[in-house]
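To start, the structure itself, in structure tokens.
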Amino acid sequence: MRHQPAAIGFLRHDVSRAQQRWDQAQMRHLARRLGYDLCRTLVCGPATAELMEEVRAAISQTEADAVITPSLDHFDGAVPDPLVQVADVITVSPENTYARWRTRPA
């Protein structure tokens, strides 16, 4: 049984560049401060095929409640709709939470 909600980290190495280690540290710090267990960090590049499918698979495997990313730049500037359907998206800078969409029961 998990004692705290789970999160995964996500960044693109082509966006972080030389700051990748700093970005990873900032994601870990924010996760800890918000009470998340950062289970895994996905580091991808611009050539990663089926990027959202990989992120969603990691969410499913870890039963994560959130995805923490350094900024929306790592998602090409916008919160991906398929992602926010299954998990909260939290950015380090600026610090913001994009809550997952909930559907009303039929």
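Residue numbering restarts at 1 for every chain of the structure tokens, chains are lettered A, B, ... in their displayed order, and ligands are numbered from 1 as they appear.
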
Spatial neighbours of stretch 39-49 of chain A, max dist 7 Å, only C-alpha atoms, sep filter under 3 positions, as an MDAnalysis selection string: chainID A and resid 6:14 62

Counting only C-alpha atoms, what are the residues of stretch 53-80 of chain A within 8 Å of stretch 85-101 of chain A, and for each of them which pair of atoms is the nearest and at what distance in Å, to one decimal? Sort the table by chain and rising number, as a Markdown table.
| residue | atom | partner | partner_atom | distance |
| --- | --- | --- | --- | --- |
| A:Arg56 | CA | A:Val86 | CA | 7.8 |
| A:Ile59 | CA | A:Ala87 | CA | 7.7 |
| A:Ala64 | CA | A:Ala87 | CA | 7.2 |
| A:Asp65 | CA | A:Ala87 | CA | 5.2 |
| A:Ala66 | CA | A:Asp88 | CA | 4.4 |
| A:Val67 | CA | A:Val89 | CA | 4.9 |
| A:Ile68 | CA | A:Ile90 | CA | 4.7 |
| A:Thr69 | CA | A:Thr91 | CA | 5.0 |
| A:Pro70 | CA | A:Val92 | CA | 4.7 |
| A:Ser71 | CA | A:Thr91 | CA | 5.0 |
| A:Leu72 | CA | A:Thr91 | CA | 6.8 |
| A:Val79 | CA | A:Val89 | CA | 7.5 |

DSSP on the backbone: what in chain A comes out strand (DSSP E), as number ranges by chain? A: 6-12, 37-44, 66-69, 88-91, 96-98

Among the residues of stretch 12-62 of chain A, find those DSSP assigns to helix (DSSP H, G or I) from the backbone and print them as a PyMOL selection string. chain A and resi 13-34+51-62

What's the separation between atom CA of A:Pro5 and atom CA of A:Asp37, in Å to one decimal place?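 One can read the atom CA of A:Pro5 to atom CA of A:Asp37 distance as 6.1 Å.
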
Record the distance separating atom CA of A:Gln4 and atom CA of A:Ala58, expressed in Å with one decimal.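 Spanning atom CA of A:Gln4 to atom CA of A:Ala58 is a straight-line distance of 17.5 Å.
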
Would you mind reading off the distance between atom CA of A:Asp76 and atom CA of A:Leu51, one decimal, in Å?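 It comes out at 11.8 Å.
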